[in-house]
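Here is the file final_15.cif (mmCIF, C-alpha atoms).
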data_model
loop_
_atom_site.label_atom_id
_atom_site.label_comp_id
_atom_site.auth_asym_id
_atom_site.auth_seq_id
_atom_site.Cartn_x
_atom_site.Cartn_y
_atom_site.Cartn_z
CA MET B 1 -1.66 4.76 18.88
CA LYS B 2 -2.81 8.02 20.45
CA ASN B 3 0.23 9.83 19.01
CA ILE B 4 -0.55 8.48 15.53
CA PHE B 5 -4.12 9.78 15.64
CA SER B 6 -2.88 13.11 16.97
CA LEU B 7 -0.35 13.46 14.16
CA THR B 8 -2.94 12.49 11.55
CA ASN B 9 -5.46 15.03 12.84
CA LYS B 10 -2.80 17.73 13.13
CA TYR B 11 -1.38 17.12 9.66
CA ILE B 12 -4.64 16.29 7.89
CA VAL B 13 -3.35 18.49 5.05
CA ILE B 14 -1.43 15.36 3.99
CA ALA B 15 -4.74 14.05 2.62
CA THR B 16 -4.87 16.85 0.01
CA PRO B 17 -2.22 15.46 -2.41
CA LEU B 18 -3.69 11.97 -1.92
CA ILE B 19 -7.19 13.06 -2.91
CA LEU B 20 -5.93 15.11 -5.87
CA PHE B 21 -3.75 12.27 -7.13
CA SER B 22 -6.61 9.80 -6.77
CA LEU B 23 -8.95 12.03 -8.80
CA ILE B 24 -6.40 12.92 -11.48
CA SER B 25 -5.12 9.36 -11.92
CA SER B 26 -8.67 7.97 -12.09
CA VAL B 27 -9.63 10.41 -14.84
CA TYR B 28 -6.34 9.83 -16.68
CA LEU B 29 -6.62 6.03 -16.60
CA THR B 30 -10.27 6.17 -17.69
CA PHE B 31 -9.49 8.14 -20.83
CA SER B 32 -6.20 6.41 -21.66
CA ALA B 33 -7.33 2.80 -21.17
CA ALA B 34 -8.65 2.42 -24.73
CA GLY B 35 -6.77 2.67 -28.00
CA LYS B 36 -3.81 1.09 -29.73
CA VAL B 37 -1.16 -0.89 -27.92
CA ILE B 38 1.42 1.89 -28.33
CA ASN B 39 -1.00 4.34 -26.73
CA LEU B 40 -1.50 1.96 -23.82
CA ILE B 41 2.26 1.60 -23.34
CA ILE B 42 2.71 5.38 -23.33
CA ALA B 43 -0.17 5.71 -20.86
CA ILE B 44 1.46 3.16 -18.51
CA ILE B 45 4.82 4.95 -18.71
CA LEU B 46 3.27 8.35 -18.00
CA PHE B 47 1.22 6.94 -15.12
CA THR B 48 4.37 5.36 -13.65
CA LEU B 49 6.08 8.75 -13.75
CA MET B 50 3.04 10.33 -12.10
CA LEU B 51 3.02 7.64 -9.43
CA GLY B 52 6.76 8.07 -8.82
CA ALA B 53 6.31 11.82 -8.33
CA PHE B 54 3.40 11.23 -5.95
CA ILE B 55 5.28 8.66 -3.85
CA ALA B 56 8.30 10.98 -3.61
CA GLY B 57 6.34 14.06 -2.57
CA TRP B 58 3.66 12.46 -0.42
CA PHE B 59 5.86 10.19 1.66
CA ASN B 60 8.32 13.02 2.14
CA MET B 61 5.45 14.94 3.76
CA ILE B 62 4.67 11.96 5.98
CA LYS B 63 8.34 11.61 6.94
CA LEU B 64 8.55 15.28 7.93
CA ALA B 65 5.25 15.06 9.85
CA VAL B 66 6.73 12.23 11.92
CA LYS B 67 10.10 13.95 12.37
CA GLU B 68 8.59 17.36 13.15
CA PRO B 69 5.55 16.69 15.36
CA TYR B 70 5.63 20.20 16.85
CA ARG B 71 5.60 22.24 13.64
CA GLU B 72 3.52 25.35 14.31
CA ASP B 73 2.21 26.03 10.81
CA THR B 74 0.84 22.61 9.91
CA ASN B 75 -0.43 23.78 6.50
CA SER B 76 3.14 24.66 5.53
CA LEU B 77 3.77 20.93 5.22
CA ILE B 78 2.11 21.03 1.79
CA LYS B 79 5.10 23.08 0.59
CA GLU B 80 7.34 20.06 1.25
CA PHE B 81 5.68 18.04 -1.51
CA THR B 82 7.67 19.60 -4.38
CA PRO B 83 11.08 19.36 -2.64
CA GLY B 84 10.24 15.72 -1.92
CA VAL B 85 9.66 15.08 -5.62
CA GLY B 86 13.03 16.61 -6.44
CA GLU B 87 14.81 14.64 -3.73
CA TYR B 88 13.18 11.21 -4.01
CA PHE B 89 11.78 11.00 -7.56
CA LEU B 90 14.39 8.60 -8.95
CA SER B 91 14.32 6.57 -5.73
CA SER B 92 10.53 6.30 -5.98
CA LEU B 93 10.70 5.13 -9.60
CA GLY B 94 13.16 2.47 -8.48
CA SER B 95 10.85 1.47 -5.62
CA ILE B 96 7.99 0.96 -8.09
CA PHE B 97 10.23 -1.41 -10.06
CA VAL B 98 11.27 -3.29 -6.91
CA MET B 99 7.69 -3.63 -5.59
CA THR B 100 6.45 -4.77 -9.00
CA ALA B 101 9.26 -7.32 -9.31
CA VAL B 102 8.62 -8.70 -5.82
CA SER B 103 4.88 -8.94 -6.51
CA LEU B 104 5.39 -10.74 -9.83
CA LEU B 105 7.89 -13.14 -8.29
CA LEU B 106 5.49 -14.09 -5.49
CA VAL B 107 2.62 -14.47 -7.98
CA PHE B 108 4.76 -16.78 -10.11
CA VAL B 109 5.80 -18.86 -7.08
CA SER B 110 2.23 -19.09 -5.77
CA TYR B 111 0.91 -20.04 -9.22
CA TYR B 112 3.49 -22.81 -9.52
CA ALA B 113 2.68 -24.00 -5.99
CA GLY B 114 -1.05 -23.84 -6.72
CA MET B 115 -0.77 -25.87 -9.89
CA LYS B 116 1.25 -28.50 -8.02
CA GLY B 117 -0.76 -28.56 -4.80
CA ILE B 118 -4.30 -27.58 -5.86
CA GLY B 119 -4.43 -28.38 -9.55
CA ASP B 120 -6.13 -26.77 -12.53
CA PRO B 121 -9.84 -26.10 -11.79
CA GLY B 122 -10.61 -26.38 -15.50
CA ILE B 123 -12.07 -22.88 -15.83
CA SER B 124 -11.12 -20.74 -18.80
CA ALA B 125 -10.17 -17.10 -18.29
CA GLY B 126 -12.87 -16.05 -20.76
CA ALA B 127 -15.62 -17.86 -18.86
CA PHE B 128 -14.46 -16.39 -15.57
CA SER B 129 -14.35 -12.88 -17.08
CA ASP B 130 -17.88 -13.25 -18.46
CA ALA B 131 -19.12 -14.37 -15.04
CA MET B 132 -17.92 -11.09 -13.50
CA GLU B 133 -20.17 -8.97 -15.70
CA SER B 134 -23.27 -9.29 -13.49
CA THR B 135 -24.63 -11.02 -10.39
CA GLU B 136 -26.87 -13.24 -12.50
CA ALA B 137 -23.96 -14.31 -14.69
CA LEU B 138 -21.89 -15.12 -11.63
CA LYS B 139 -24.67 -17.24 -10.12
CA ALA B 140 -25.10 -19.15 -13.38
CA PHE B 141 -21.35 -19.64 -13.61
CA LEU B 142 -21.08 -21.04 -10.07
CA ASN B 143 -24.10 -23.32 -10.52
CA ALA B 144 -22.49 -24.81 -13.62
CA LEU B 145 -19.35 -25.84 -11.72
CA THR B 146 -18.85 -29.27 -10.22
CA SER B 147 -18.19 -29.70 -6.50
CA GLU B 148 -14.55 -30.48 -7.25
CA GLN B 149 -14.20 -27.29 -9.28
CA LEU B 150 -15.78 -25.25 -6.49
CA VAL B 151 -13.34 -26.65 -3.94
CA LYS B 152 -10.38 -25.90 -6.18
CA LEU B 153 -11.70 -22.41 -6.94
CA ASN B 154 -12.01 -21.64 -3.23
CA LEU B 155 -8.51 -22.93 -2.59
CA TRP B 156 -7.18 -20.74 -5.40
CA ASN B 157 -8.96 -17.74 -3.86
CA PHE B 158 -7.34 -18.43 -0.48
CA LEU B 159 -3.96 -18.83 -2.17
CA LEU B 160 -4.39 -15.51 -4.00
CA LEU B 161 -5.43 -13.75 -0.80
CA GLY B 162 -2.48 -15.25 1.05
CA THR B 163 -0.07 -14.18 -1.70
CA ILE B 164 -1.35 -10.60 -1.67
CA SER B 165 -1.18 -10.47 2.13
CA LEU B 166 2.36 -11.85 2.16
CA THR B 167 3.45 -9.35 -0.50
CA TYR B 168 2.13 -6.39 1.47
CA PHE B 169 3.72 -7.69 4.66
CA LEU B 170 7.14 -8.13 3.06
CA LEU B 171 6.95 -4.54 1.76
CA ILE B 172 5.46 -2.85 4.83
CA LEU B 173 8.79 -1.37 5.96
CA TYR B 174 10.21 -0.80 2.48
CA LEU B 175 9.26 2.84 1.89
CA PRO B 176 10.09 3.93 5.46
CA ALA B 177 13.53 2.33 5.05
CA MET B 178 14.04 4.20 1.78
CA PHE B 179 12.95 7.58 3.18
CA PHE B 180 14.65 7.25 6.57
CA LYS B 181 17.79 5.18 5.95
CA ASN B 182 18.89 4.83 2.33
CA ARG B 183 17.60 6.48 -0.86
CA ASN B 184 18.90 3.65 -3.01
CA PRO B 185 15.70 1.63 -3.62
CA PHE B 186 17.55 -1.66 -4.00
CA ILE B 187 19.64 -1.29 -0.85
CA ALA B 188 16.57 0.00 1.02
CA PHE B 189 14.68 -3.17 0.12
CA PHE B 190 17.25 -5.41 1.80
CA ILE B 191 17.44 -3.04 4.77
CA SER B 192 13.66 -3.29 5.15
CA LEU B 193 13.80 -7.09 5.08
CA LYS B 194 16.56 -7.05 7.70
CA ASP B 195 14.43 -4.78 9.89
CA LEU B 196 11.32 -6.87 9.26
CA PHE B 197 12.93 -10.13 10.35
CA SER B 198 14.63 -8.59 13.37
CA ARG B 199 13.68 -9.00 17.03
CA HIS B 200 10.74 -6.68 16.30
CA PHE B 201 9.15 -9.18 13.89
CA PHE B 202 6.04 -9.95 15.94
CA LYS B 203 5.56 -6.30 16.82
CA THR B 204 5.60 -5.46 13.10
CA LEU B 205 3.27 -8.38 12.39
CA LEU B 206 0.78 -7.04 14.94
CA LEU B 207 0.87 -3.62 13.28
CA TYR B 208 0.24 -5.25 9.92
CA ILE B 209 -2.70 -7.28 11.26
CA ILE B 210 -4.28 -4.11 12.67
CA ILE B 211 -3.91 -2.33 9.32
CA LEU B 212 -5.27 -5.38 7.49
CA ALA B 213 -8.28 -5.69 9.81
CA ALA B 214 -9.14 -1.99 9.49
CA ASN B 215 -8.88 -2.24 5.71
CA PHE B 216 -11.19 -5.27 5.70
CA ILE B 217 -13.80 -3.45 7.80
CA LEU B 218 -13.72 -0.41 5.51
CA SER B 219 -14.01 -2.64 2.43
CA VAL B 220 -17.11 -4.29 3.86
CA LEU B 221 -18.61 -0.89 4.73
CA SER B 222 -17.90 0.39 1.23
CA ALA B 223 -19.69 -2.61 -0.28
CA LEU B 224 -22.68 -2.23 2.06
CA VAL B 225 -23.25 1.48 1.33
CA SER B 226 -22.39 1.41 -2.37
CA GLY B 227 -26.03 1.99 -3.28
CA ASN B 228 -26.40 5.07 -1.08
CA LEU B 229 -24.66 8.13 -2.52
CA ILE B 230 -24.41 10.07 0.76
CA PHE B 231 -23.11 7.16 2.85
CA HIS B 232 -20.78 6.09 0.04
CA PHE B 233 -19.28 9.60 -0.05
CA PHE B 234 -18.83 9.54 3.73
CA VAL B 235 -17.12 6.12 3.66
CA THR B 236 -14.87 7.37 0.83
CA LEU B 237 -13.70 10.24 3.04
CA VAL B 238 -13.11 7.78 5.87
CA ASN B 239 -11.03 5.66 3.46
CA PHE B 240 -8.82 8.65 2.62
CA TYR B 241 -8.41 9.38 6.32
CA TYR B 242 -7.52 5.73 6.94
CA ILE B 243 -4.85 5.75 4.21
CA VAL B 244 -3.23 8.84 5.74
CA LEU B 245 -3.51 7.27 9.21
CA ALA B 246 -1.92 4.02 8.01
CA GLY B 247 0.90 5.87 6.22
CA ILE B 248 1.71 8.00 9.26
CA GLY B 249 1.32 4.96 11.53
CA VAL B 250 3.87 2.86 9.64
CA PHE B 251 6.38 5.72 9.37
CA TYR B 252 5.88 6.64 13.03
CA TYR B 253 6.39 3.02 14.06
CA TYR B 254 9.52 2.74 11.92
CA ASN B 255 10.94 5.98 13.28
CA GLU B 256 10.30 4.95 16.89
CA THR B 257 11.50 1.36 16.45
CA PHE B 258 14.40 1.49 14.01
CA ILE B 259 15.60 5.11 13.96
CA GLU B 260 17.35 7.03 16.71
CA THR B 261 14.79 9.63 17.74
CA HIS B 262 16.09 10.48 21.21
CA LEU B 263 19.60 10.19 22.56
CA GLY B 264 20.02 6.91 24.38
CA ARG B 265 16.69 5.35 23.41
CA ASN B 266 14.96 3.75 20.43
CA ILE B 267 18.26 2.75 18.86
CA ASP B 268 18.07 -0.64 17.20
CA LYS B 269 21.65 -1.86 17.48
CA THR B 270 20.96 -5.43 16.45
CA VAL B 271 19.60 -4.95 12.92
#

Representation of the structure as structure tokens:
Amino acid sequence: MKNIFSLTNKYIVIATPLILFSLISSVYLTFSAAGKVINLIIAIILFTLMLGAFIAGWFNMIKLAVKEPYREDTNSLIKEFTPGVGEYFLSSLGSIFVMTAVSLLLVFVSYYAGMKGIGDPGISAGAFSDAMESTEALKAFLNALTSEQLVKLNLWNFLLLGTISLTYFLLILYLPAMFFKNRNPFIAFFISLKDLFSRHFFKTLLLYIIILAANFILSVLSALVSGNLIFHFFVTLVNFYYIVLAGIGVFYYYNETFIETHLGRNIDKTV
């Protein structure tokens, strides 16, 4: 853990592309969200290309930070973003497709299981959308539900949370596998699953729980300080730092656990 914090602090320049992409993509999505269907389709395609370029360049920087912990000029790492885009752009586009497909498959399975095991709560999508407009609308919406509907709604919420958590866990080693072992996004996916369900399963699960807990704490803090501009800005910076820390942490863990980093040690011969 100490090494991960040290790498993050040393290569804090990695946060620069993340912040820029977050700002640019937010502005782009805000202005492209409205309009005709064809405009929306074009906007989604362009955003996917932007996301693919970001994944390729940013995770290449993280990979090199992990592989080159003693680089003297740490700011020079920013120059590795563009070569990463050239080297991993197509792989990153494929990874977006794979991650989307896995997510949709798990959503479909969980929906089918929910309808069979929990049942339909009898709430229309329109009514639920209207309830999200304000706190007062949400209170009125919840008060209008029967006790049976409330129970089913809570169970559906737990099912949704479980599905999201499972999806993230299944994909936690995916990008490291693609950047360290195989650029083919489809082969890398099966490699990541093989690594995930290896003898290091519980070690990986512990890492995931730590990341999940930290994310939960930051989400709560963000909600608590949302009304204070100064504290909200500070928590936003902490969130960016956390994302960089988590990215470096997962890649560092993968490199130490599944990749040969030193002769005669850290070689996973069983996966």

I need the residue set behind the PyMOL selection byres ((chain B and resi 61-74) around 10) for this file; please write it as an mmCIF file with C-alpha atoms, keeping the file's coordinate frame.
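Printed below is selection.cif as written:
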data_model
loop_
_atom_site.group_PDB
_atom_site.id
_atom_site.type_symbol
_atom_site.label_atom_id
_atom_site.label_comp_id
_atom_site.auth_asym_id
_atom_site.auth_seq_id
_atom_site.Cartn_x
_atom_site.Cartn_y
_atom_site.Cartn_z
ATOM 1 C CA ASN B 3 0.230 9.830 19.010
ATOM 2 C CA ILE B 4 -0.550 8.480 15.530
ATOM 3 C CA SER B 6 -2.880 13.110 16.970
ATOM 4 C CA LEU B 7 -0.350 13.460 14.160
ATOM 5 C CA THR B 8 -2.940 12.490 11.550
ATOM 6 C CA LYS B 10 -2.800 17.730 13.130
ATOM 7 C CA TYR B 11 -1.380 17.120 9.660
ATOM 8 C CA ILE B 12 -4.640 16.290 7.890
ATOM 9 C CA VAL B 13 -3.350 18.490 5.050
ATOM 10 C CA ILE B 14 -1.430 15.360 3.990
ATOM 11 C CA PRO B 17 -2.220 15.460 -2.410
ATOM 12 C CA ILE B 55 5.280 8.660 -3.850
ATOM 13 C CA ALA B 56 8.300 10.980 -3.610
ATOM 14 C CA GLY B 57 6.340 14.060 -2.570
ATOM 15 C CA TRP B 58 3.660 12.460 -0.420
ATOM 16 C CA PHE B 59 5.860 10.190 1.660
ATOM 17 C CA ASN B 60 8.320 13.020 2.140
ATOM 18 C CA ASN B 75 -0.430 23.780 6.500
ATOM 19 C CA SER B 76 3.140 24.660 5.530
ATOM 20 C CA LEU B 77 3.770 20.930 5.220
ATOM 21 C CA ILE B 78 2.110 21.030 1.790
ATOM 22 C CA LYS B 79 5.100 23.080 0.590
ATOM 23 C CA GLU B 80 7.340 20.060 1.250
ATOM 24 C CA PHE B 81 5.680 18.040 -1.510
ATOM 25 C CA THR B 82 7.670 19.600 -4.380
ATOM 26 C CA PRO B 83 11.080 19.360 -2.640
ATOM 27 C CA GLY B 84 10.240 15.720 -1.920
ATOM 28 C CA PRO B 176 10.090 3.930 5.460
ATOM 29 C CA PHE B 179 12.950 7.580 3.180
ATOM 30 C CA PHE B 180 14.650 7.250 6.570
ATOM 31 C CA VAL B 244 -3.230 8.840 5.740
ATOM 32 C CA LEU B 245 -3.510 7.270 9.210
ATOM 33 C CA GLY B 247 0.900 5.870 6.220
ATOM 34 C CA ILE B 248 1.710 8.000 9.260
ATOM 35 C CA GLY B 249 1.320 4.960 11.530
ATOM 36 C CA VAL B 250 3.870 2.860 9.640
ATOM 37 C CA PHE B 251 6.380 5.720 9.370
ATOM 38 C CA TYR B 252 5.880 6.640 13.030
ATOM 39 C CA TYR B 253 6.390 3.020 14.060
ATOM 40 C CA TYR B 254 9.520 2.740 11.920
ATOM 41 C CA ASN B 255 10.940 5.980 13.280
ATOM 42 C CA GLU B 256 10.300 4.950 16.890
ATOM 43 C CA THR B 261 14.790 9.630 17.740
#

### Message
Between B:Gly119, B:Gly114, B:Gly86, B:Gly94, which residue has the minimum interatomic distance to Leu159 in chain B, considering all atoms listed in the file?
### Response
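The shortest atom-to-atom distance to Leu159 in chain B comes from B:Gly114.
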
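Our summary of the geometry notes that CA of Leu106 in chain B is positioned 21.1 Å from CA of Ala177 in chain B.
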
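Distances from B:Ser26, B:Ser91, B:Ser165, B:Asn39 to Ala188 in chain B were compared using all atoms listed in the file, and the smallest one belongs to B:Ser91.
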
Exercise for the section: Would you mind listing what lies within 9 Å of Ile164 in chain B as an MDAnalysis selection string, with all atoms listed in the file counted and same-chain residues fewer than 3 positions away left out? Expected result: chainID B and resid 103 106:107 159:161 167:169

Could you take the residues named above and write them with C-alpha atoms, as a compact mmCIF listing (two decimals), in the frame of the given file?
# COMPACT_ATOMS: atom_id res chain seq x y z
CA SER B 103 4.88 -8.94 -6.51
CA LEU B 106 5.49 -14.09 -5.49
CA VAL B 107 2.62 -14.47 -7.98
CA LEU B 159 -3.96 -18.83 -2.17
CA LEU B 160 -4.39 -15.51 -4.00
CA LEU B 161 -5.43 -13.75 -0.80
CA THR B 167 3.45 -9.35 -0.50
CA TYR B 168 2.13 -6.39 1.47
CA PHE B 169 3.72 -7.69 4.66

Per-residue nearest contacts of range 143-237 of chain B to range 95-102 of chain B (9 Å; all atoms listed in the file) as a tab-separated table:
residue	atom	partner	partner_atom	distance
B:Thr167	CA	B:Val102	CA	7.4
B:Leu171	CA	B:Met99	CA	7.4
B:Tyr174	CA	B:Ser95	CA	8.4
B:Leu175	CA	B:Ser95	CA	7.8
B:Met178	CA	B:Ser95	CA	8.5
B:Asn184	CA	B:Ser95	CA	8.7
B:Pro185	CA	B:Ser95	CA	5.2
B:Phe186	CA	B:Val98	CA	7.1
B:Ala188	CA	B:Ser95	CA	8.9
B:Phe189	CA	B:Val98	CA	7.8

What separates CA of Thr16 in chain B and CA of Tyr241 in chain B is a distance of 10.4 Å

Once the PyMOL selection byres ((chain B and resi 202-215) around 9) is applied to the coordinates I shared, what remains selected? I want it as a PDB file with C-alpha atoms, keeping the file's coordinate frame.
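The new file expr-v2.pdb reads:
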ATOM      1  CA  SER B 165      -1.180 -10.470   2.130  1.00  0.00           C
ATOM      2  CA  TYR B 168       2.130  -6.390   1.470  1.00  0.00           C
ATOM      3  CA  PHE B 169       3.720  -7.690   4.660  1.00  0.00           C
ATOM      4  CA  ILE B 172       5.460  -2.850   4.830  1.00  0.00           C
ATOM      5  CA  LEU B 173       8.790  -1.370   5.960  1.00  0.00           C
ATOM      6  CA  LEU B 196      11.320  -6.870   9.260  1.00  0.00           C
ATOM      7  CA  PHE B 197      12.930 -10.130  10.350  1.00  0.00           C
ATOM      8  CA  ARG B 199      13.680  -9.000  17.030  1.00  0.00           C
ATOM      9  CA  HIS B 200      10.740  -6.680  16.300  1.00  0.00           C
ATOM     10  CA  PHE B 201       9.150  -9.180  13.890  1.00  0.00           C
ATOM     11  CA  PHE B 216     -11.190  -5.270   5.700  1.00  0.00           C
ATOM     12  CA  ILE B 217     -13.800  -3.450   7.800  1.00  0.00           C
ATOM     13  CA  LEU B 218     -13.720  -0.410   5.510  1.00  0.00           C
ATOM     14  CA  SER B 219     -14.010  -2.640   2.430  1.00  0.00           C
ATOM     15  CA  VAL B 220     -17.110  -4.290   3.860  1.00  0.00           C
ATOM     16  CA  ASN B 239     -11.030   5.660   3.460  1.00  0.00           C
ATOM     17  CA  TYR B 242      -7.520   5.730   6.940  1.00  0.00           C
ATOM     18  CA  ALA B 246      -1.920   4.020   8.010  1.00  0.00           C
ATOM     19  CA  GLY B 249       1.320   4.960  11.530  1.00  0.00           C
ATOM     20  CA  VAL B 250       3.870   2.860   9.640  1.00  0.00           C
ATOM     21  CA  TYR B 253       6.390   3.020  14.060  1.00  0.00           C
TER      22      TYR B 253
END

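This file, filtered with the PyMOL selection byres ((chain B and resi 51-53) around 8), gives the residues Phe47, Thr48, Leu49, Met50, Phe54, Ile55, Ala56, Gly57, Val85, Phe89, Leu90, Ser92, Leu93 and Ile96 of chain B.
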
Hey, can you check how far CA of Met132 in chain B sits from CA of Leu224 in chain B?
->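 Calculated distance between CA of Met132 in chain B and CA of Leu224 in chain B is 18.5 Å.
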
Rebuild range 233-256 of chain B to N, CA and C atoms - output it as a compact mmCIF listing (two decimals), in the coordinates of the input, please.
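Writing the result to selection_23.txt gives the following:
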# COMPACT_ATOMS: atom_id res chain seq x y z
N PHE B 233 -20.19 8.45 -0.09
CA PHE B 233 -19.28 9.60 -0.05
C PHE B 233 -18.60 9.70 1.31
N PHE B 234 -19.38 9.49 2.38
CA PHE B 234 -18.83 9.54 3.73
C PHE B 234 -17.78 8.45 3.94
N VAL B 235 -18.07 7.23 3.51
CA VAL B 235 -17.12 6.12 3.66
C VAL B 235 -15.86 6.37 2.82
N THR B 236 -16.02 7.02 1.66
CA THR B 236 -14.87 7.37 0.83
C THR B 236 -13.94 8.32 1.56
N LEU B 237 -14.51 9.31 2.24
CA LEU B 237 -13.70 10.24 3.04
C LEU B 237 -12.99 9.51 4.18
N VAL B 238 -13.71 8.58 4.80
CA VAL B 238 -13.11 7.78 5.87
C VAL B 238 -11.95 6.95 5.32
N ASN B 239 -12.10 6.43 4.10
CA ASN B 239 -11.03 5.66 3.46
C ASN B 239 -9.78 6.51 3.25
N PHE B 240 -9.97 7.75 2.80
CA PHE B 240 -8.82 8.65 2.62
C PHE B 240 -8.14 8.93 3.96
N TYR B 241 -8.95 9.15 4.99
CA TYR B 241 -8.41 9.38 6.32
C TYR B 241 -7.63 8.15 6.80
N TYR B 242 -8.17 6.98 6.53
CA TYR B 242 -7.52 5.73 6.94
C TYR B 242 -6.17 5.56 6.24
N ILE B 243 -6.11 5.90 4.95
CA ILE B 243 -4.85 5.75 4.21
C ILE B 243 -3.78 6.66 4.80
N VAL B 244 -4.17 7.91 5.11
CA VAL B 244 -3.23 8.84 5.74
C VAL B 244 -2.81 8.31 7.11
N LEU B 245 -3.78 7.83 7.88
CA LEU B 245 -3.51 7.27 9.21
C LEU B 245 -2.55 6.09 9.12
N ALA B 246 -2.78 5.20 8.16
CA ALA B 246 -1.92 4.02 8.01
C ALA B 246 -0.51 4.43 7.60
N GLY B 247 -0.41 5.40 6.67
CA GLY B 247 0.90 5.87 6.22
C GLY B 247 1.69 6.49 7.36
N ILE B 248 1.04 7.37 8.12
CA ILE B 248 1.71 8.00 9.26
C ILE B 248 2.03 6.95 10.32
N GLY B 249 1.11 6.00 10.52
CA GLY B 249 1.32 4.96 11.53
C GLY B 249 2.54 4.12 11.25
N VAL B 250 2.72 3.69 10.00
CA VAL B 250 3.87 2.86 9.64
C VAL B 250 5.17 3.65 9.77
N PHE B 251 5.17 4.90 9.29
CA PHE B 251 6.38 5.72 9.37
C PHE B 251 6.70 6.07 10.82
N TYR B 252 5.67 6.34 11.61
CA TYR B 252 5.88 6.64 13.03
C TYR B 252 6.46 5.42 13.74
N TYR B 253 5.89 4.26 13.46
CA TYR B 253 6.39 3.02 14.06
C TYR B 253 7.84 2.77 13.67
N TYR B 254 8.16 2.98 12.40
CA TYR B 254 9.52 2.74 11.92
C TYR B 254 10.49 3.71 12.58
N ASN B 255 10.09 4.96 12.68
CA ASN B 255 10.94 5.98 13.28
C ASN B 255 11.20 5.67 14.75
N GLU B 256 10.17 5.24 15.47
CA GLU B 256 10.30 4.95 16.89
C GLU B 256 11.05 3.64 17.15
